[in-house]
$ cat model28.cif   # mmCIF, C-alpha atoms
data_final
loop_
_atom_site.group_PDB
_atom_site.id
_atom_site.type_symbol
_atom_site.label_atom_id
_atom_site.label_comp_id
_atom_site.auth_asym_id
_atom_site.auth_seq_id
_atom_site.Cartn_x
_atom_site.Cartn_y
_atom_site.Cartn_z
ATOM 1 C CA ASP A 482 0.000 0.000 0.000
ATOM 2 C CA THR A 483 2.982 2.280 -0.681
ATOM 3 C CA ALA A 484 1.798 5.792 -1.535
ATOM 4 C CA VAL A 485 4.510 6.678 -4.061
ATOM 5 C CA SER A 486 6.502 3.801 -5.491
ATOM 6 C CA GLN A 487 9.457 3.691 -7.852
ATOM 7 C CA THR A 488 11.028 0.887 -9.831
ATOM 8 C CA PRO A 489 13.737 -0.124 -9.841
ATOM 9 C CA LYS A 490 15.283 0.887 -6.523
ATOM 10 C CA TYR A 491 18.780 0.292 -7.828
ATOM 11 C CA LEU A 492 20.049 0.530 -11.375
ATOM 12 C CA VAL A 493 23.617 -0.161 -12.464
ATOM 13 C CA THR A 494 24.391 0.283 -16.128
ATOM 14 C CA GLN A 495 27.102 1.089 -18.622
ATOM 15 C CA MET A 496 27.754 4.456 -20.199
ATOM 16 C CA GLY A 497 25.846 4.940 -23.417
ATOM 17 C CA ASN A 498 22.920 2.707 -22.462
ATOM 18 C CA ASP A 499 19.278 3.796 -22.349
ATOM 19 C CA LYS A 500 17.269 3.174 -19.188
ATOM 20 C CA SER A 501 13.881 3.980 -17.686
ATOM 21 C CA ILE A 502 12.665 4.581 -14.165
ATOM 22 C CA LYS A 503 9.001 4.173 -13.346
ATOM 23 C CA CYS A 504 6.924 5.978 -10.759
ATOM 24 C CA GLU A 505 3.390 5.306 -9.591
ATOM 25 C CA GLN A 506 1.298 7.009 -6.924
ATOM 26 C CA ASN A 507 -1.937 5.753 -5.408
ATOM 27 C CA LEU A 508 -2.781 8.943 -3.537
ATOM 28 C CA GLY A 509 -5.144 10.233 -6.199
ATOM 29 C CA HIS A 510 -2.861 13.233 -6.788
ATOM 30 C CA ASP A 511 -2.866 15.074 -10.095
ATOM 31 C CA THR A 512 0.675 16.446 -10.064
ATOM 32 C CA MET A 513 3.921 14.478 -10.186
ATOM 33 C CA TYR A 514 7.581 15.448 -10.107
ATOM 34 C CA TRP A 515 11.077 14.156 -10.736
ATOM 35 C CA TYR A 516 13.938 15.380 -8.551
ATOM 36 C CA LYS A 517 17.629 14.519 -8.812
ATOM 37 C CA GLN A 518 19.850 14.164 -5.744
ATOM 38 C CA ASP A 519 23.525 14.351 -6.653
ATOM 39 C CA SER A 520 26.536 12.887 -4.877
ATOM 40 C CA LYS A 521 26.639 15.866 -2.530
ATOM 41 C CA LYS A 522 23.020 15.177 -1.553
ATOM 42 C CA PHE A 523 21.762 18.315 -3.280
ATOM 43 C CA LEU A 524 18.157 17.936 -4.463
ATOM 44 C CA LYS A 525 16.941 19.703 -7.561
ATOM 45 C CA ILE A 526 13.706 19.637 -9.532
ATOM 46 C CA MET A 527 13.858 18.223 -13.038
ATOM 47 C CA PHE A 528 10.271 17.976 -14.284
ATOM 48 C CA SER A 529 6.690 18.276 -13.160
ATOM 49 C CA TYR A 530 3.453 17.099 -14.764
ATOM 50 C CA ASN A 531 -0.089 18.113 -13.900
ATOM 51 C CA ASN A 532 -2.814 15.874 -15.315
ATOM 52 C CA LYS A 533 -0.361 14.498 -17.879
ATOM 53 C CA GLU A 534 0.689 17.991 -18.982
ATOM 54 C CA LEU A 535 4.296 19.136 -18.566
ATOM 55 C CA ILE A 536 4.331 22.235 -16.350
ATOM 56 C CA ILE A 537 7.917 22.426 -15.113
ATOM 57 C CA ASN A 538 10.953 21.664 -17.221
ATOM 58 C CA GLU A 539 14.159 22.828 -15.642
ATOM 59 C CA THR A 540 17.462 22.973 -17.462
ATOM 60 C CA VAL A 541 17.868 19.278 -18.063
ATOM 61 C CA PRO A 542 19.689 17.650 -21.008
ATOM 62 C CA ASN A 543 17.264 16.473 -23.657
ATOM 63 C CA ARG A 544 18.583 12.944 -23.108
ATOM 64 C CA PHE A 545 16.073 12.952 -20.242
ATOM 65 C CA SER A 546 12.491 12.502 -21.370
ATOM 66 C CA PRO A 547 9.605 12.224 -18.920
ATOM 67 C CA LYS A 548 6.408 10.493 -19.927
ATOM 68 C CA SER A 549 3.078 10.538 -18.123
ATOM 69 C CA PRO A 550 0.636 7.974 -19.515
ATOM 70 C CA ASP A 551 -1.934 8.969 -16.881
ATOM 71 C CA LYS A 552 -1.973 11.151 -13.802
ATOM 72 C CA ALA A 553 -0.969 8.262 -11.518
ATOM 73 C CA HIS A 554 2.231 7.492 -13.430
ATOM 74 C CA LEU A 555 5.292 9.475 -14.370
ATOM 75 C CA ASN A 556 8.201 7.664 -15.982
ATOM 76 C CA LEU A 557 11.671 8.952 -16.714
ATOM 77 C CA HIS A 558 13.596 7.720 -19.717
ATOM 78 C CA ILE A 559 17.282 8.505 -20.060
ATOM 79 C CA ASN A 560 19.142 8.057 -23.341
ATOM 80 C CA SER A 561 22.884 7.686 -23.818
ATOM 81 C CA LEU A 562 23.672 7.570 -20.124
ATOM 82 C CA GLU A 563 26.739 9.461 -18.925
ATOM 83 C CA LEU A 564 28.858 9.126 -15.792
ATOM 84 C CA GLY A 565 27.430 12.397 -14.477
ATOM 85 C CA ASP A 566 23.925 10.956 -14.519
ATOM 86 C CA SER A 567 24.811 8.827 -11.506
ATOM 87 C CA ALA A 568 22.532 10.060 -8.739
ATOM 88 C CA VAL A 569 19.427 9.233 -6.770
ATOM 89 C CA TYR A 570 16.235 10.105 -8.609
ATOM 90 C CA PHE A 571 13.139 10.844 -6.561
ATOM 91 C CA CYS A 572 9.577 10.892 -7.748
ATOM 92 C CA ALA A 573 7.031 12.949 -5.806
ATOM 93 C CA SER A 574 3.344 13.778 -6.058
ATOM 94 C CA SER A 575 0.923 16.392 -4.779
ATOM 95 C CA GLN A 576 -2.626 17.566 -5.343
ATOM 96 C CA ARG A 577 -3.540 20.878 -6.898
ATOM 97 C CA LYS A 578 -6.275 22.581 -4.925
ATOM 98 C CA THR A 579 -8.728 25.335 -5.856
ATOM 99 C CA GLY A 580 -6.901 28.443 -6.962
ATOM 100 C CA GLY A 581 -3.995 26.418 -8.279
ATOM 101 C CA PHE A 582 -2.289 25.950 -4.914
ATOM 102 C CA GLN A 583 -0.401 22.738 -4.491
ATOM 103 C CA GLU A 584 -0.633 20.597 -1.410
ATOM 104 C CA THR A 585 2.374 19.003 0.241
ATOM 105 C CA GLN A 586 4.597 16.830 -1.926
ATOM 106 C CA TYR A 587 5.085 13.208 -0.951
ATOM 107 C CA PHE A 588 8.192 11.415 -2.118
ATOM 108 C CA GLY A 589 8.915 7.945 -3.397
ATOM 109 C CA PRO A 590 11.807 5.870 -1.986
ATOM 110 C CA GLY A 591 14.231 6.964 -4.684
ATOM 111 C CA THR A 592 16.102 5.112 -7.423
ATOM 112 C CA ARG A 593 19.856 4.952 -7.107
ATOM 113 C CA LEU A 594 21.377 5.051 -10.582
ATOM 114 C CA LEU A 595 25.031 4.176 -11.053
ATOM 115 C CA VAL A 596 26.579 4.634 -14.476
ATOM 116 C CA LEU A 597 29.869 2.822 -15.016
ATOM 117 C CA ALA B 881 14.823 33.166 -8.180
ATOM 118 C CA GLN B 882 14.359 31.773 -4.729
ATOM 119 C CA THR B 883 17.284 30.382 -2.775
ATOM 120 C CA VAL B 884 17.461 28.372 0.433
ATOM 121 C CA THR B 885 20.563 28.387 2.612
ATOM 122 C CA GLN B 886 21.522 25.910 5.280
ATOM 123 C CA SER B 887 24.914 27.087 6.404
ATOM 124 C CA GLN B 888 25.650 24.351 8.957
ATOM 125 C CA PRO B 889 26.643 21.097 7.249
ATOM 126 C CA GLU B 890 26.604 19.045 10.446
ATOM 127 C CA MET B 891 25.265 19.172 13.971
ATOM 128 C CA SER B 892 25.301 16.840 16.925
ATOM 129 C CA VAL B 893 22.968 16.568 19.902
ATOM 130 C CA GLN B 894 22.842 14.464 23.030
ATOM 131 C CA GLU B 895 19.889 12.142 23.312
ATOM 132 C CA ALA B 896 16.964 13.793 25.170
ATOM 133 C CA GLU B 897 18.398 17.261 24.574
ATOM 134 C CA THR B 898 17.100 19.993 22.267
ATOM 135 C CA VAL B 899 18.697 21.049 19.005
ATOM 136 C CA THR B 900 17.912 23.826 16.530
ATOM 137 C CA LEU B 901 18.666 23.575 12.821
ATOM 138 C CA SER B 902 18.976 26.854 10.930
ATOM 139 C CA CYS B 903 17.616 27.820 7.540
ATOM 140 C CA THR B 904 17.380 31.118 5.710
ATOM 141 C CA TYR B 905 15.813 31.827 2.367
ATOM 142 C CA ASP B 906 15.557 34.588 -0.161
ATOM 143 C CA THR B 907 12.443 35.470 -2.105
ATOM 144 C CA SER B 908 10.583 38.474 -3.453
ATOM 145 C CA GLU B 909 7.233 36.736 -3.038
ATOM 146 C CA SER B 910 4.893 37.422 -0.152
ATOM 147 C CA ASP B 911 3.010 34.141 -0.178
ATOM 148 C CA TYR B 912 4.833 30.826 -0.016
ATOM 149 C CA TYR B 913 5.309 27.635 1.961
ATOM 150 C CA LEU B 914 8.309 26.369 3.892
ATOM 151 C CA PHE B 915 9.068 22.774 4.758
ATOM 152 C CA TRP B 916 11.497 20.624 6.659
ATOM 153 C CA TYR B 917 12.109 17.165 5.232
ATOM 154 C CA LYS B 918 14.047 14.400 6.937
ATOM 155 C CA GLN B 919 16.167 11.886 5.005
ATOM 156 C CA PRO B 920 17.365 8.976 7.145
ATOM 157 C CA PRO B 921 19.953 6.473 5.877
ATOM 158 C CA SER B 922 17.106 4.583 4.199
ATOM 159 C CA ARG B 923 17.062 7.507 1.753
ATOM 160 C CA GLN B 924 13.308 8.073 2.073
ATOM 161 C CA MET B 925 12.280 11.757 2.087
ATOM 162 C CA ILE B 926 9.908 12.263 5.000
ATOM 163 C CA LEU B 927 7.950 15.447 5.628
ATOM 164 C CA VAL B 928 8.622 16.714 9.146
ATOM 165 C CA ILE B 929 6.758 19.997 9.275
ATOM 166 C CA ARG B 930 5.233 22.666 7.054
ATOM 167 C CA GLN B 931 4.627 26.392 7.507
ATOM 168 C CA GLU B 932 2.416 28.722 5.482
ATOM 169 C CA ALA B 933 3.964 32.178 5.173
ATOM 170 C CA TYR B 934 0.647 33.928 5.760
ATOM 171 C CA LYS B 935 0.317 32.309 9.186
ATOM 172 C CA GLN B 936 1.983 34.135 12.043
ATOM 173 C CA GLN B 937 1.742 31.169 14.367
ATOM 174 C CA ASN B 938 4.708 28.823 14.287
ATOM 175 C CA ALA B 939 3.914 25.270 13.213
ATOM 176 C CA THR B 940 4.408 22.405 15.667
ATOM 177 C CA GLU B 941 4.301 18.637 15.231
ATOM 178 C CA ASN B 942 4.864 16.776 18.485
ATOM 179 C CA ARG B 943 8.577 17.201 19.329
ATOM 180 C CA PHE B 944 9.207 19.314 16.232
ATOM 181 C CA SER B 945 8.536 23.033 16.054
ATOM 182 C CA VAL B 946 9.668 25.905 13.899
ATOM 183 C CA ASN B 947 10.691 29.481 14.528
ATOM 184 C CA PHE B 948 9.426 31.343 11.473
ATOM 185 C CA GLN B 949 10.664 34.914 11.168
ATOM 186 C CA LYS B 950 9.192 36.253 7.946
ATOM 187 C CA ALA B 951 10.887 39.641 8.006
ATOM 188 C CA ALA B 952 14.266 38.050 8.602
ATOM 189 C CA LYS B 953 13.492 35.236 6.118
ATOM 190 C CA SER B 954 14.492 32.686 8.681
ATOM 191 C CA PHE B 955 12.929 29.270 9.287
ATOM 192 C CA SER B 956 14.636 27.180 11.946
ATOM 193 C CA LEU B 957 13.610 23.723 13.155
ATOM 194 C CA LYS B 958 13.700 22.843 16.836
ATOM 195 C CA ILE B 959 13.779 19.205 17.845
ATOM 196 C CA SER B 960 12.969 18.625 21.516
ATOM 197 C CA ASP B 961 13.783 15.500 23.504
ATOM 198 C CA SER B 962 16.034 14.233 20.695
ATOM 199 C CA GLN B 963 15.866 10.525 19.969
ATOM 200 C CA LEU B 964 18.310 8.196 18.249
ATOM 201 C CA GLY B 965 15.825 7.858 15.403
ATOM 202 C CA ASP B 966 16.103 11.582 14.706
ATOM 203 C CA ALA B 967 19.589 11.040 13.280
ATOM 204 C CA ALA B 968 19.287 11.894 9.609
ATOM 205 C CA MET B 969 19.892 14.546 7.011
ATOM 206 C CA TYR B 970 17.425 17.436 7.272
ATOM 207 C CA PHE B 971 16.481 19.593 4.321
ATOM 208 C CA CYS B 972 14.801 22.961 4.435
ATOM 209 C CA ALA B 973 12.660 23.667 1.367
ATOM 210 C CA TYR B 974 10.716 26.564 -0.148
ATOM 211 C CA ARG B 975 7.733 26.480 -2.443
ATOM 212 C CA SER B 976 5.936 29.366 -4.044
ATOM 213 C CA ALA B 977 2.214 29.652 -3.370
ATOM 214 C CA SER B 978 1.758 30.395 -7.059
ATOM 215 C CA GLY B 979 0.020 27.404 -8.555
ATOM 216 C CA ALA B 980 2.134 27.524 -11.684
ATOM 217 C CA ASN B 981 5.383 27.159 -9.805
ATOM 218 C CA SER B 982 4.933 24.223 -7.496
ATOM 219 C CA LYS B 983 8.517 23.000 -7.407
ATOM 220 C CA LEU B 984 10.401 22.665 -4.147
ATOM 221 C CA THR B 985 13.684 24.535 -3.826
ATOM 222 C CA PHE B 986 15.923 22.785 -1.319
ATOM 223 C CA GLY B 987 18.808 23.849 0.852
ATOM 224 C CA LYS B 988 21.974 21.759 0.873
ATOM 225 C CA GLY B 989 20.879 19.885 3.960
ATOM 226 C CA ILE B 990 22.327 19.353 7.400
ATOM 227 C CA THR B 991 23.443 16.046 8.858
ATOM 228 C CA LEU B 992 22.208 15.581 12.405
ATOM 229 C CA SER B 993 23.802 12.969 14.636
ATOM 230 C CA VAL B 994 22.360 11.969 18.001
ATOM 231 C CA ARG B 995 24.726 10.822 20.754
ATOM 232 C CA PRO B 996 23.401 8.139 23.114
#

$ encode --input "model28.cif" --output "structure tokens"
Amino acid sequence: DTAVSQTPKYLVTQMGNDKSIKCEQNLGHDTMYWYKQDSKKFLKIMFSYNNKELIINETVPNRFSPKSPDKAHLNLHINSLELGDSAVYFCASSQRKTGGFQETQYFGPGTRLLVL
Amino acid sequence: AQTVTQSQPEMSVQEAETVTLSCTYDTSESDYYLFWYKQPPSRQMILVIRQEAYKQQNATENRFSVNFQKAAKSFSLKISDSQLGDAAMYFCAYRSASGANSKLTFGKGITLSVRP
């Protein structure tokens, strides 16, 4: 009954490969996010979707492509992986209330990606 | 752009004692939200406490309370009766109240250790 789940939890791959991380939330939220936590533990927003529509797209290489098949899922596909992509990727979700205000964001357990 | 600063990288507290974690932020907005998230070694991001900028009253959640000074743009977290399970990395985060900009901006985090 995990609220926000991510698969896989660990991902080890070679440089140049393409990989995907999946995220699902069962909270009934309409907004989902991807954050990246680097080796220094710094967390930064990458993308956000509201009802399957991209609303936040920070300065992220276009090798990263989010996809939201429905409002309960937000996947992250990464092409041509590089060493610098090694990080922990967190998915989060929240609910947009009346007036456009967003409720608190709840995070998934994270996916640790290691590129060799 | 908003920034969040946590200037202390590490702190230590004796079990059962009280500790205060500092956070300052910079914004030109008048309406926003502030959060403290806890990240234990399990890597899970756990919401500790949340404060709405329009509320003058400081938020409290059991042993956790904040000292919100809007004019000084300061948002410190006080942990009373510290427990071993409080040992974790703590992140201060800012979010605009504007519905279009729902991303969280994080500080660099502070590592809290609890001495038995």

$ atom_distance --input "model28.cif" --atom1 "CA of Ala967 (chain B)" --atom2 "CA of Leu508 (chain A)"
28.1 Å

$ resolve_selection --input "model28.cif" --expression "the PyMOL selection byres ((chain B) within 10 of (chain A))" --output "number ranges by chain"
B: 912-913, 915, 922-927, 930, 969, 971, 973, 975-990

$ resolve_selection --input "model28.cif" --expression "the PyMOL selection byres ((chain A and resi 505) around 8)" --output "ChimeraX atom specification"
/A:485-487,503-504,506-507,553-555

$ closest_residue --input "model28.cif" --among "A:Asp511, A:Asn532, A:Met496, A:Thr488" --to "Leu557 (chain A)" --atoms "all atoms listed in the file"
A:Thr488

$ resolve_selection --input "model28.cif" --expression "the PyMOL selection byres ((chain B and resi 908) around 12)" --output "list in words"
Ala881, Gln882, Thr883, Tyr905, Asp906, Thr907, Glu909, Ser910, Asp911, Tyr912, Lys950, Ala951, Lys953 and Ser976 of chain B
